[in-house]
Each structure stands twice: as structure tokens, then as C-alpha cells.
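Participant: Sharing work_35.txt, compact mmCIF, C-alpha atoms:
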```txt
# COMPACT_ATOMS: atom_id res chain seq x y z
CA MET M 178 -73.93 8.54 11.44
CA ASN M 179 -70.27 8.22 12.41
CA PRO M 180 -69.57 10.82 15.13
CA HIS M 181 -65.90 10.86 14.29
CA PRO M 182 -65.60 10.87 10.52
CA LYS M 183 -62.09 10.56 9.10
CA THR M 184 -60.80 13.57 7.34
CA ARG M 185 -60.20 12.84 3.62
CA LEU M 186 -57.20 14.56 2.09
CA PRO M 187 -57.52 15.69 -1.52
CA LEU M 188 -55.67 13.43 -4.07
CA THR M 189 -53.06 15.06 -6.15
CA ARG M 190 -53.04 14.54 -9.96
CA ARG M 191 -49.80 12.50 -9.70
CA THR M 192 -51.35 10.19 -7.07
CA ARG M 193 -54.42 9.60 -9.25
CA LEU M 194 -52.24 8.68 -12.26
CA LEU M 195 -50.17 6.23 -10.17
CA MET M 196 -53.32 4.52 -8.86
CA CYS M 197 -54.73 4.12 -12.40
CA ALA M 198 -51.49 2.66 -13.65
CA SER M 199 -51.44 0.13 -10.79
CA LEU M 200 -55.03 -0.93 -11.50
CA LEU M 201 -54.31 -1.38 -15.21
CA ALA M 202 -51.21 -3.49 -14.50
CA ALA M 203 -53.16 -5.70 -12.11
CA SER M 204 -55.94 -6.21 -14.66
CA ALA M 205 -53.45 -7.22 -17.34
CA ALA M 206 -51.77 -9.67 -15.00
CA LEU M 207 -55.11 -11.27 -14.11
CA ALA M 208 -56.07 -11.57 -17.78
CA ALA M 209 -52.77 -13.25 -18.59
CA CYS M 210 -53.15 -15.72 -15.73
CA GLY M 211 -56.67 -16.91 -16.38
CA THR M 212 -57.63 -20.23 -14.77
CA PRO M 213 -58.47 -23.32 -16.87
CA ALA M 214 -62.11 -22.78 -15.97
CA GLU M 215 -61.94 -19.23 -17.33
CA GLU M 216 -60.30 -20.44 -20.54
CA THR M 217 -63.06 -23.04 -20.94
CA ALA M 218 -65.68 -20.36 -20.40
CA LYS M 219 -64.06 -18.16 -23.04
CA ALA M 220 -64.10 -21.03 -25.51
CA SER M 221 -67.79 -21.66 -24.84
CA LEU M 222 -68.50 -18.01 -25.56
CA GLY M 223 -66.83 -18.27 -28.96
CA GLU M 224 -63.44 -16.88 -28.02
CA LYS M 225 -61.32 -19.38 -29.98
CA LYS M 226 -57.60 -19.49 -30.43
CA LYS M 227 -56.33 -18.67 -33.89
CA PRO M 228 -55.66 -21.85 -35.91
CA ALA M 229 -52.04 -22.73 -36.37
CA LYS M 230 -50.65 -21.76 -39.74
CA PRO M 231 -50.27 -24.90 -41.90
CA LYS M 232 -46.69 -25.98 -42.43
CA GLU M 233 -45.40 -25.96 -45.99
CA ALA M 234 -43.53 -29.14 -45.13
CA ASP M 235 -46.85 -31.02 -44.95
CA GLY M 236 -46.87 -31.34 -48.73
CA LEU M 237 -44.27 -32.41 -51.27
CA PRO M 238 -41.63 -29.62 -51.33
CA GLY M 239 -42.07 -27.41 -54.37
CA MET M 240 -45.59 -28.61 -55.19
CA PRO M 241 -48.05 -25.78 -56.02
CA PRO M 242 -50.50 -25.35 -53.11
CA VAL M 243 -53.78 -27.23 -53.46
CA LEU M 244 -56.51 -24.76 -54.41
CA ASP M 245 -59.25 -26.54 -52.47
CA PRO M 246 -58.50 -29.37 -49.98
CA GLU M 247 -62.02 -30.69 -50.59
CA ASP M 248 -61.55 -30.80 -54.36
CA LEU M 249 -58.21 -31.68 -55.93
CA TYR M 250 -59.68 -30.93 -59.38
CA ALA M 251 -60.73 -27.36 -58.53
CA ALA M 252 -58.32 -26.02 -61.18
CA ASP M 253 -60.00 -28.13 -63.89
CA ARG M 254 -63.22 -26.16 -64.25
CA PRO M 255 -64.74 -25.70 -67.74
CA ASN M 256 -62.54 -23.65 -70.07
CA LYS M 257 -60.34 -22.47 -67.16
CA LEU M 258 -57.23 -22.61 -69.32
CA SER M 259 -53.77 -21.70 -68.14
CA PRO M 260 -52.18 -18.69 -69.90
CA VAL M 261 -49.60 -21.19 -71.19
CA VAL M 262 -52.18 -23.06 -73.30
CA LYS M 263 -54.99 -20.58 -73.93
CA ASP M 264 -53.92 -19.95 -77.54
CA PHE M 265 -53.27 -23.59 -78.45
CA PRO M 266 -55.65 -25.05 -81.06
CA SER M 267 -58.12 -27.58 -79.65
CA ARG M 268 -57.14 -31.03 -80.93
CA VAL M 269 -57.46 -34.72 -80.07
CA TYR M 270 -54.17 -36.63 -80.44
CA VAL M 271 -54.58 -40.38 -81.00
CA PRO M 272 -51.58 -42.74 -80.79
CA ASN M 273 -52.13 -45.69 -83.14
CA THR M 274 -50.09 -48.50 -81.60
CA ASN M 275 -50.23 -50.79 -84.63
CA SER M 276 -49.70 -48.07 -87.25
CA ASN M 277 -46.84 -46.15 -85.56
CA THR M 278 -48.67 -42.87 -86.12
CA VAL M 279 -50.62 -40.21 -84.26
CA SER M 280 -53.95 -39.13 -85.76
CA VAL M 281 -54.82 -35.48 -85.13
CA ILE M 282 -58.58 -34.82 -84.87
CA ASP M 283 -60.34 -31.46 -85.12
CA PRO M 284 -62.99 -31.84 -82.37
CA LYS M 285 -65.32 -29.31 -83.99
CA LYS M 286 -65.37 -31.10 -87.33
CA PHE M 287 -65.13 -34.63 -85.85
CA GLU M 288 -62.55 -35.58 -88.46
CA VAL M 289 -58.85 -36.41 -88.78
CA ILE M 290 -56.96 -33.42 -90.18
CA ASP M 291 -53.38 -34.72 -89.94
CA THR M 292 -51.30 -37.85 -89.35
CA ILE M 293 -47.89 -37.71 -87.64
CA ASP M 294 -45.34 -40.49 -88.10
CA VAL M 295 -43.77 -41.51 -84.78
CA GLY M 296 -41.77 -44.43 -83.33
CA THR M 297 -42.67 -48.09 -82.85
CA GLN M 298 -45.77 -48.90 -80.80
CA PRO M 299 -46.92 -45.48 -79.55
CA GLN M 300 -49.01 -46.09 -76.42
CA HIS M 301 -49.95 -42.73 -74.87
CA VAL M 302 -49.79 -39.01 -75.69
CA VAL M 303 -48.74 -37.24 -72.48
CA PRO M 304 -48.84 -33.49 -71.66
CA SER M 305 -45.67 -32.30 -69.91
CA TRP M 306 -45.76 -30.88 -66.37
CA ASP M 307 -45.26 -27.33 -67.68
CA LEU M 308 -48.01 -27.87 -70.33
CA LYS M 309 -45.70 -26.87 -73.19
CA THR M 310 -45.02 -30.24 -74.83
CA LEU M 311 -46.91 -33.41 -75.75
CA TRP M 312 -44.79 -36.55 -75.43
CA VAL M 313 -45.66 -39.61 -77.52
CA ASN M 314 -44.59 -42.80 -75.69
CA ASN M 315 -43.07 -45.08 -78.36
CA ASN M 316 -42.93 -48.18 -76.17
CA ARG M 317 -41.06 -50.65 -78.40
CA GLY M 318 -39.21 -47.94 -80.29
CA HIS M 319 -37.65 -46.84 -76.98
CA THR M 320 -38.17 -43.17 -77.77
CA LEU M 321 -40.38 -40.19 -76.96
CA THR M 322 -41.64 -38.05 -79.83
CA PRO M 323 -42.16 -34.37 -78.86
CA ILE M 324 -45.19 -32.61 -80.36
CA ASP M 325 -45.61 -28.83 -80.22
CA PRO M 326 -49.24 -28.17 -79.16
CA LYS M 327 -49.00 -24.65 -80.65
CA THR M 328 -48.72 -26.09 -84.13
CA ALA M 329 -49.94 -29.68 -83.59
CA LYS M 330 -46.75 -30.78 -85.37
CA ARG M 331 -43.55 -32.61 -84.43
CA ARG M 332 -41.01 -30.56 -82.48
CA GLY M 333 -37.48 -31.79 -83.16
CA PRO M 334 -36.05 -35.32 -83.14
CA ASP M 335 -37.15 -38.22 -80.95
CA VAL M 336 -35.58 -38.55 -77.49
CA GLU M 337 -34.10 -41.92 -76.50
CA VAL M 338 -35.92 -43.38 -73.48
CA HIS M 339 -36.00 -47.13 -72.88
CA ASP M 340 -39.36 -48.92 -72.56
CA PRO M 341 -41.61 -45.84 -72.14
CA TYR M 342 -44.99 -47.55 -71.79
CA ASN M 343 -46.40 -44.59 -69.87
CA LEU M 344 -45.16 -41.29 -68.47
CA TYR M 345 -45.97 -39.24 -65.36
CA PHE M 346 -44.60 -36.14 -63.63
CA THR M 347 -44.12 -35.54 -59.90
CA PRO M 348 -46.47 -32.80 -58.58
CA ASN M 349 -43.55 -30.41 -57.99
CA GLY M 350 -42.37 -30.80 -61.58
CA LYS M 351 -38.96 -32.05 -60.43
CA HIS M 352 -39.05 -35.43 -62.17
CA ALA M 353 -40.62 -37.27 -65.06
CA VAL M 354 -41.48 -40.85 -64.08
CA VAL M 355 -41.29 -43.43 -66.86
CA MET M 356 -43.38 -46.56 -66.39
CA ALA M 357 -40.92 -49.06 -67.85
CA SER M 358 -43.38 -51.93 -67.99
CA LEU M 359 -41.24 -54.78 -69.38
CA ASP M 360 -38.02 -53.53 -67.77
CA ARG M 361 -39.74 -53.73 -64.37
CA GLU M 362 -38.56 -50.26 -63.40
CA LEU M 363 -39.79 -46.86 -62.35
CA VAL M 364 -37.31 -44.49 -63.96
CA PHE M 365 -37.10 -40.94 -62.59
CA ARG M 366 -35.79 -38.54 -65.26
CA ASP M 367 -35.21 -34.85 -65.86
CA PRO M 368 -38.64 -33.57 -66.98
CA HIS M 369 -37.16 -31.57 -69.88
CA THR M 370 -34.12 -33.47 -71.17
CA MET M 371 -35.37 -36.91 -70.03
CA LYS M 372 -31.90 -37.71 -68.70
CA ARG M 373 -32.05 -40.68 -66.28
CA GLU M 374 -31.62 -39.55 -62.65
CA HIS M 375 -32.78 -42.53 -60.58
CA THR M 376 -33.93 -46.05 -61.33
CA GLU M 377 -36.20 -47.88 -58.91
CA PRO M 378 -36.39 -51.61 -59.73
CA VAL M 379 -39.73 -53.26 -58.92
CA SER M 380 -40.56 -56.90 -58.31
CA CYS M 381 -44.02 -56.68 -59.87
CA TYR M 382 -44.59 -57.06 -63.60
CA GLY M 383 -46.20 -54.54 -65.95
CA VAL M 384 -46.13 -51.15 -64.17
CA ASN M 385 -48.43 -48.98 -66.23
CA HIS M 386 -50.66 -46.39 -64.52
CA ALA M 387 -50.49 -44.18 -61.42
CA ASP M 388 -51.88 -41.22 -59.51
CA PHE M 389 -50.57 -39.05 -56.68
CA SER M 390 -51.86 -38.39 -53.17
CA ALA M 391 -53.37 -35.03 -52.27
CA ASP M 392 -50.12 -33.87 -50.63
CA GLY M 393 -48.01 -35.33 -53.44
CA ARG M 394 -45.85 -37.31 -51.04
CA TYR M 395 -46.70 -40.72 -52.47
CA PHE M 396 -48.29 -42.31 -55.52
CA ILE M 397 -50.13 -45.55 -56.23
CA VAL M 398 -49.00 -47.67 -59.21
CA SER M 399 -50.84 -50.53 -60.93
CA CYS M 400 -48.92 -53.62 -62.10
CA GLU M 401 -50.96 -55.07 -64.94
CA PHE M 402 -49.32 -58.47 -65.46
CA SER M 403 -48.83 -59.54 -61.84
CA ALA M 404 -52.11 -58.22 -60.36
CA GLU M 405 -50.33 -55.99 -57.85
CA LEU M 406 -50.36 -52.44 -56.53
CA LEU M 407 -47.36 -50.40 -55.39
CA LYS M 408 -47.11 -47.43 -53.05
CA VAL M 409 -44.13 -45.19 -53.85
CA ASP M 410 -42.57 -42.38 -51.81
CA THR M 411 -42.33 -39.47 -54.27
CA GLN M 412 -39.41 -37.62 -52.70
CA LYS M 413 -37.34 -40.68 -51.79
CA MET M 414 -38.23 -42.36 -55.10
CA LYS M 415 -38.66 -45.67 -53.27
CA VAL M 416 -41.35 -48.35 -53.15
CA ILE M 417 -42.78 -48.32 -49.62
CA GLY M 418 -45.72 -50.70 -50.04
CA GLN M 419 -46.78 -53.62 -52.23
CA GLN M 420 -49.83 -55.87 -52.29
CA LYS M 421 -51.50 -58.54 -54.41
CA LEU M 422 -55.08 -57.90 -55.48
CA PRO M 423 -57.59 -60.42 -54.07
CA PHE M 424 -58.86 -61.65 -57.44
CA GLU M 425 -57.47 -64.50 -59.50
CA GLY M 426 -56.24 -63.17 -62.85
CA ALA M 427 -56.72 -59.49 -61.97
CA MET M 428 -55.28 -56.93 -64.46
CA PRO M 429 -55.29 -53.45 -62.90
CA GLN M 430 -55.22 -50.50 -65.31
CA ASP M 431 -55.89 -46.78 -64.81
CA VAL M 432 -55.58 -45.17 -61.35
CA LYS M 433 -57.39 -42.07 -60.16
CA ILE M 434 -57.75 -40.29 -56.80
CA SER M 435 -61.12 -38.97 -55.57
CA PRO M 436 -61.73 -35.20 -55.48
CA ASP M 437 -61.53 -35.16 -51.67
CA GLY M 438 -58.19 -37.00 -51.80
CA LYS M 439 -59.32 -39.82 -49.52
CA THR M 440 -59.74 -42.69 -51.97
CA PHE M 441 -57.93 -44.19 -54.94
CA TYR M 442 -59.82 -46.00 -57.70
CA ILE M 443 -58.12 -48.62 -59.88
CA ALA M 444 -59.85 -49.96 -63.01
CA ASP M 445 -59.41 -53.70 -63.60
CA MET M 446 -60.07 -55.19 -67.03
CA MET M 447 -60.24 -58.80 -65.80
CA ALA M 448 -62.06 -58.24 -62.50
CA HIS M 449 -64.55 -56.19 -64.58
CA GLY M 450 -64.76 -53.34 -62.14
CA VAL M 451 -62.94 -50.74 -60.07
CA TRP M 452 -60.94 -51.36 -56.91
CA VAL M 453 -61.61 -48.88 -54.09
CA LEU M 454 -58.43 -48.26 -52.06
CA ASP M 455 -57.52 -46.31 -48.93
CA GLY M 456 -54.17 -44.96 -50.07
CA GLU M 457 -52.98 -43.85 -46.64
CA LYS M 458 -53.60 -47.21 -44.93
CA PHE M 459 -52.89 -49.20 -48.12
CA THR M 460 -55.15 -51.97 -46.88
CA THR M 461 -56.82 -54.54 -49.16
CA PRO M 462 -59.16 -52.70 -51.57
CA LYS M 463 -62.77 -53.64 -52.31
CA LEU M 464 -64.08 -54.31 -55.82
CA MET M 465 -66.93 -52.26 -57.31
CA PRO M 466 -68.28 -54.09 -60.41
CA THR M 467 -68.82 -51.80 -63.41
CA GLY M 468 -68.68 -53.83 -66.63
CA LYS M 469 -66.57 -56.16 -68.70
CA GLY M 470 -63.05 -54.88 -69.30
CA ALA M 471 -63.09 -51.75 -67.09
CA HIS M 472 -60.15 -49.71 -68.27
CA GLY M 473 -59.95 -45.90 -67.96
CA LEU M 474 -61.01 -43.37 -65.29
CA TYR M 475 -61.91 -39.74 -66.10
CA ILE M 476 -63.26 -36.97 -63.85
CA SER M 477 -66.03 -34.58 -64.95
CA ARG M 478 -65.35 -30.85 -65.00
CA ASP M 479 -67.54 -30.25 -61.91
CA SER M 480 -65.71 -33.03 -60.00
CA LYS M 481 -69.00 -34.81 -59.31
CA GLU M 482 -68.70 -37.78 -61.65
CA MET M 483 -66.15 -40.28 -62.90
CA TYR M 484 -66.48 -41.90 -66.35
CA ILE M 485 -65.39 -45.55 -66.55
CA PRO M 486 -65.12 -47.07 -70.05
CA ASN M 487 -65.71 -50.83 -70.06
CA ARG M 488 -63.66 -51.92 -73.05
CA GLY M 489 -64.93 -55.49 -73.20
CA GLU M 490 -68.59 -54.65 -73.61
CA GLY M 491 -68.75 -51.25 -75.32
CA SER M 492 -70.16 -49.29 -72.39
CA ILE M 493 -69.30 -46.40 -70.03
CA SER M 494 -70.26 -46.55 -66.35
CA VAL M 495 -70.74 -43.29 -64.45
CA PHE M 496 -69.80 -43.07 -60.77
CA ASN M 497 -71.27 -40.22 -58.68
CA PHE M 498 -68.89 -38.98 -55.97
CA PRO M 499 -71.45 -37.17 -53.72
CA LYS M 500 -73.74 -40.24 -53.80
CA ASN M 501 -70.79 -42.65 -53.63
CA LYS M 502 -72.32 -45.04 -56.14
CA LEU M 503 -72.75 -45.87 -59.82
CA THR M 504 -75.69 -43.94 -61.20
CA LYS M 505 -75.63 -44.40 -65.01
CA LYS M 506 -74.48 -46.70 -67.75
CA TRP M 507 -74.15 -45.65 -71.38
CA TRP M 508 -73.89 -48.12 -74.24
CA LEU M 509 -72.23 -47.38 -77.58
CA PRO M 510 -74.89 -47.93 -80.27
CA ASP M 511 -72.68 -50.14 -82.44
CA GLY M 512 -70.66 -51.71 -79.66
CA GLY M 513 -66.92 -51.07 -79.71
CA SER M 514 -63.92 -51.09 -77.41
CA PRO M 515 -63.81 -47.78 -75.44
CA ASP M 516 -60.38 -47.50 -73.86
CA MET M 517 -58.35 -44.42 -72.87
CA GLY M 518 -59.09 -40.75 -73.45
CA GLY M 519 -60.12 -37.50 -71.82
CA VAL M 520 -62.78 -34.82 -71.38
CA SER M 521 -63.08 -31.71 -73.58
CA ALA M 522 -62.09 -28.34 -72.12
CA ASP M 523 -65.75 -27.33 -71.75
CA GLY M 524 -66.62 -30.68 -70.15
CA LYS M 525 -69.32 -31.50 -72.69
CA VAL M 526 -67.62 -34.33 -74.60
CA LEU M 527 -65.86 -37.49 -73.46
CA TRP M 528 -63.32 -38.68 -76.03
CA LEU M 529 -62.28 -42.35 -76.01
CA SER M 530 -60.16 -44.52 -78.29
CA GLY M 531 -61.65 -47.73 -79.69
CA ARG M 532 -58.67 -49.99 -79.06
CA TYR M 533 -59.72 -52.97 -81.17
CA ASP M 534 -61.84 -51.17 -83.76
CA SER M 535 -59.52 -48.50 -85.23
CA GLU M 536 -61.89 -45.72 -84.26
CA VAL M 537 -62.45 -42.91 -81.77
CA TYR M 538 -65.73 -42.13 -79.97
CA ALA M 539 -67.09 -38.72 -78.98
CA ILE M 540 -69.75 -39.01 -76.26
CA ASP M 541 -72.07 -36.34 -74.85
CA THR M 542 -71.36 -36.18 -71.09
CA ARG M 543 -74.88 -34.94 -70.31
CA THR M 544 -76.83 -37.64 -72.12
CA GLY M 545 -74.36 -40.42 -72.93
CA VAL M 546 -75.27 -40.15 -76.61
CA GLN M 547 -72.53 -40.97 -79.10
CA LEU M 548 -71.88 -37.79 -81.11
CA ALA M 549 -69.37 -39.26 -83.55
CA LYS M 550 -67.34 -42.34 -84.45
CA ILE M 551 -64.15 -41.38 -86.27
CA PRO M 552 -61.90 -43.83 -88.21
CA VAL M 553 -58.21 -43.67 -87.21
CA GLY M 554 -55.13 -45.93 -87.47
CA GLY M 555 -54.69 -49.43 -86.05
CA GLY M 556 -54.79 -50.03 -82.31
CA PRO M 557 -55.66 -46.52 -81.04
CA HIS M 558 -54.76 -46.27 -77.36
CA GLY M 559 -54.02 -43.42 -74.90
CA LEU M 560 -55.43 -40.40 -76.72
CA ALA M 561 -54.99 -36.89 -75.31
CA VAL M 562 -57.55 -34.10 -75.55
CA TYR M 563 -55.56 -30.87 -75.57
CA PRO M 564 -55.53 -28.27 -74.23
CA GLN M 565 -57.44 -28.92 -71.03
CA PRO M 566 -57.95 -26.78 -67.89
CA GLY M 567 -55.43 -27.02 -65.07
CA ARG M 568 -52.25 -25.43 -63.69
CA TYR M 569 -49.92 -28.36 -64.36
CA SER M 570 -49.95 -31.93 -65.67
CA LEU M 571 -49.25 -35.11 -63.74
CA GLY M 572 -48.98 -37.01 -67.01
CA HIS M 573 -50.78 -40.00 -68.58
CA THR M 574 -53.38 -38.78 -71.11
CA GLY M 575 -53.86 -35.61 -69.09
CA VAL M 576 -54.27 -35.58 -65.30
CA PHE M 577 -54.36 -31.92 -64.33
CA ARG M 578 -54.37 -30.06 -61.00
```
Please, can you express the file's structure as C-alpha cells?

Facilitator:
Amino acid sequence: MNPHPKTRLPLTRRTRLLMCASLLAASAALAACGTPAEETAKASLGEKKKPAKPKEADGLPGMPPVLDPEDLYAADRPNKLSPVVKDFPSRVYVPNTNSNTVSVIDPKKFEVIDTIDVGTQPQHVVPSWDLKTLWVNNNRGHTLTPIDPKTAKRRGPDVEVHDPYNLYFTPNGKHAVVMASLDRELVFRDPHTMKREHTEPVSCYGVNHADFSADGRYFIVSCEFSAELLKVDTQKMKVIGQQKLPFEGAMPQDVKISPDGKTFYIADMMAHGVWVLDGEKFTTPKLMPTGKGAHGLYISRDSKEMYIPNRGEGSISVFNFPKNKLTKKWWLPDGGSPDMGGVSADGKVLWLSGRYDSEVYAIDTRTGVQLAKIPVGGGPHGLAVYPQPGRYSLGHTGVFR
């Protein structure tokens, strides 16, 4: 026991408040000046920093945000129709290249219900970016025929556009991109009036099909007659990459990006398979054999499969994305020449034109069974199933996101 204890003076209320305030300030200062070891300890205990907010500049300016970074086709689920198209009648529009007509099929009746006269050599029927118009690409007539999907009839006069073999739209809806195959040009136009805004000459021959990267900043183009691929900067409207395919006599056709946005697939009708390309690196792609005359590429409504019509042998190969391999092959019972097409809004039917047989095939996507074979005009090519799910169209016979 201390014989001389110090006398403790009582603390006033003001003194106690000042002491508390000093202690609180010191604690805050210590917390703000934690050592690296303390920060590491916090992280190990689950105290993580908030992730940085993604920059809008990462994607093409004006492009609608991707719904799911792991699935670019998340907006294409069965019957998930945009308000713009929900009241449009369900039809299949078939451009007959040799007959200069478009056959209109009622998909419920499996029969042609109308025939529309169009320009010379119609190649593809293309939904506009805003989903309101179907454009018929009259390649040798050098015009586009507008069709009103509300009525399934012509809408006004043809629009003059030179060498429109195929037609795409930038993901932000700012430009239409005409694949001027014989002119050797990519022509960027106003998406509504089709007025020419920029022409990008190309050194390859036969530009015909394309698809855009996940962020919309570039797109891959196939050059059918010179066996080449292009990489194009969307915003600058400039070719930034070019390569020759490593196969003698290659003829690349349709282009499609994988649901996860990491891989581009390019069908090749002379290499009899699909090229697998890393779009970012743009290195030499590898060939995946599918069948004779591989031509089109179409994604299932659940984003798990890709249908690959092999025009030269009358078959459809099925690629499974999760398994990363071909898992099925369907054969048309009477042979045929399955070419371009699309998937029904409910995902149950794959529609394909029979390019050399003046017919259209309806195929059950669950079983591969041919549901119907419908006579149409001569040389049916890029048919469009419309309407389909999706927020906007990137073009061709209907690439929606």
C-alpha cells in the first residue's frame, strides 16, 4: 500500500468532454494511417475495397449497355420481343436471287402467302437497327427495297445504294454498313436515309459477312473471293487488320461471335468447316471441320448451341458452347442445300433457305427433324425470320443484341 497516495481531483464535465474528443480524433487518425500490414490483414478478413465503377468509354460510344458480359445474346431469349415488334405478324421473308422476288411464308401454315416484286438479284433481307424496317438487298439492281414488317408489304419506293450485297448496322445505331462486295468497299451510310457518309476502300475481294466485338469497338469481316479476313475499327471506320486464311481456295462466309465475346467463328464453304478466331489478338485462326460447304451460323435461344448449315451436303452441324465441341449432326431427309436463315422467336424452329433447290426448310431445333420443305422462287438466299427477340439489330438476316 502506497503510504503517500496522490490526491485525485474530481474531473469537471468540460474536461471529460475534451478528453473524449481527443481520444476520438486520435482513433480516426490511426485508422486513416493504417500500415500496409494492417491493410493486408483487412483484406484477408474480407474487408475489400469497392470495385471501380466501369467507364462508359470502354465500349463504343452510344451503344446500349451489354445486359450480361457473359452472354451477348441475353436479350434474345424465347419470345422476349421488343415493344417495337411485339404486334408484328410472324413471317419468314425469303429473297429469291434468280426470281427478283421475296416470298413471304406464314410459319404456322408452312406455306407461301405472298410474293413481293423487288430489284435485281436480292441477296438478303435485313432488319434495321431500330427494328422498324426490313431492307431487301438488291445486289445487281443497286437498290434497297423497304418492307414494312407491320403489314409484310412494300413501304415506299426503292432506295438507290450501289452494290448492296449485304447490310449491317453499328451497335450504337449511328451507321449502316453496306458490304459492297464487287466494289471492294465498306460504305458507311445514314441508317435511315442511306445517304453515303464514309467509304472505306478494301484491298480484299468479296466482302460479305461480319460481326461486332462485345464492346462494339471493332468488327470482323469475311472476304469471300480472296480468302481473307479484315478487322475494322467501328468508330474510326478504318481497316486496322488483315490476314489471309491458311487454306488454299478458302471461301469464308458467315461470321458470328461467341456468347462470352471471346471468340469469332467464320464459316468456310471451301474449307468445309468453321474458322475459330481470337478477335482481340487477330492471330491465325484454327479450322474446325463441320461438313461440305459450311455456310451460315445461328445461335440458339438459350445461347448454348450454334447451328451450322453445310450447304454442300444437306446437313446441319450443332456446336455446343459450354462443351466447346460439335455434338450433333442433322441430315435433311431428301438432301438439299441449306444456306442462310434464322431461328424462330420461340427458338423451336430453324429456318434455312435451300439455295440451289428453290425451297425453304423448317427444322425442329430439339430433334433435328425436318418439319417442312416449302417451294419458293429461284435461288433463295438470306431469309429473315421476323420478328425475333432482341433490343436492336446488327443486320444480316437478323443478328440481335

Participant: With only C-alpha atoms as the basis for distance, which of M:Gly383, M:Pro564, M:Gly545, M:Pro348 is at the shortest distance from Tyr270 in chain M?

Facilitator: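 Closest to Tyr270 in chain M of all the choices is M:Pro564.
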
Participant: Report, in Å to a single decimal, how far apart CA of Pro368 in chain M and CA of Gly572 in chain M are.

Facilitator: 10.9 Å

Participant: From the options M:Pro429, M:Pro266, M:Pro423, M:Gly418, which residue's atoms come nearest to Cys400 in chain M, counting all atoms listed in the file?

Facilitator: M:Pro429

Participant: Per residue of range 370-489 of chain M within 9 Å of range 253-259 of chain M, note the shortest atom pair and the distance in Å to one decimal, counting all atoms listed in the file, and order the rows by chain and increasing residue number, as JSON lines.

Facilitator:
```
{"residue": "M:Ser477", "atom": "CA", "partner": "M:Asp253", "partner_atom": "CA", "distance": 8.9}
{"residue": "M:Arg478", "atom": "CA", "partner": "M:Arg254", "partner_atom": "CA", "distance": 5.2}
{"residue": "M:Asp479", "atom": "CA", "partner": "M:Arg254", "partner_atom": "CA", "distance": 6.4}
{"residue": "M:Ser480", "atom": "CA", "partner": "M:Arg254", "partner_atom": "CA", "distance": 8.5}
```

Participant: Would you write out those residues with C-alpha atoms, as a PDB file, keeping the file's coordinate frame?

Facilitator:
```pdb
ATOM      1  CA  SER M 477     -66.030 -34.580 -64.950  1.00  0.00           C
ATOM      2  CA  ARG M 478     -65.350 -30.850 -65.000  1.00  0.00           C
ATOM      3  CA  ASP M 479     -67.540 -30.250 -61.910  1.00  0.00           C
ATOM      4  CA  SER M 480     -65.710 -33.030 -60.000  1.00  0.00           C
TER       5      SER M 480
END
```

Participant: Within 7 Å of range 534-543 of chain M, counting only C-alpha atoms, which residues show up once you throw out same-chain ones fewer than 5 positions away? Write them as a list in words, please.

Facilitator: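 So the residues in contact are Gly513, Ser514, Lys525, Val526, Leu527, Trp528, Leu529, Leu548, Ala549, Lys550, Ile551, Pro552, Val553, Gly554, Gly555, Gly556 and Pro557 of chain M.
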
Participant: Give me, as a PyMOL selection string, all polymer residues having an atom no more than 8 Å from Ser435 in chain M, counting only C-alpha atoms and skipping those fewer than 4 positions away in the same chain.

Facilitator: chain M and resi 249+439-442+498

Participant: Measure the distance from CA of Thr292 in chain M to CA of Val271 in chain M in Å and round it to one decimal.

Facilitator: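 Result for CA of Thr292 in chain M versus CA of Val271 in chain M: 9.3 Å, one decimal.
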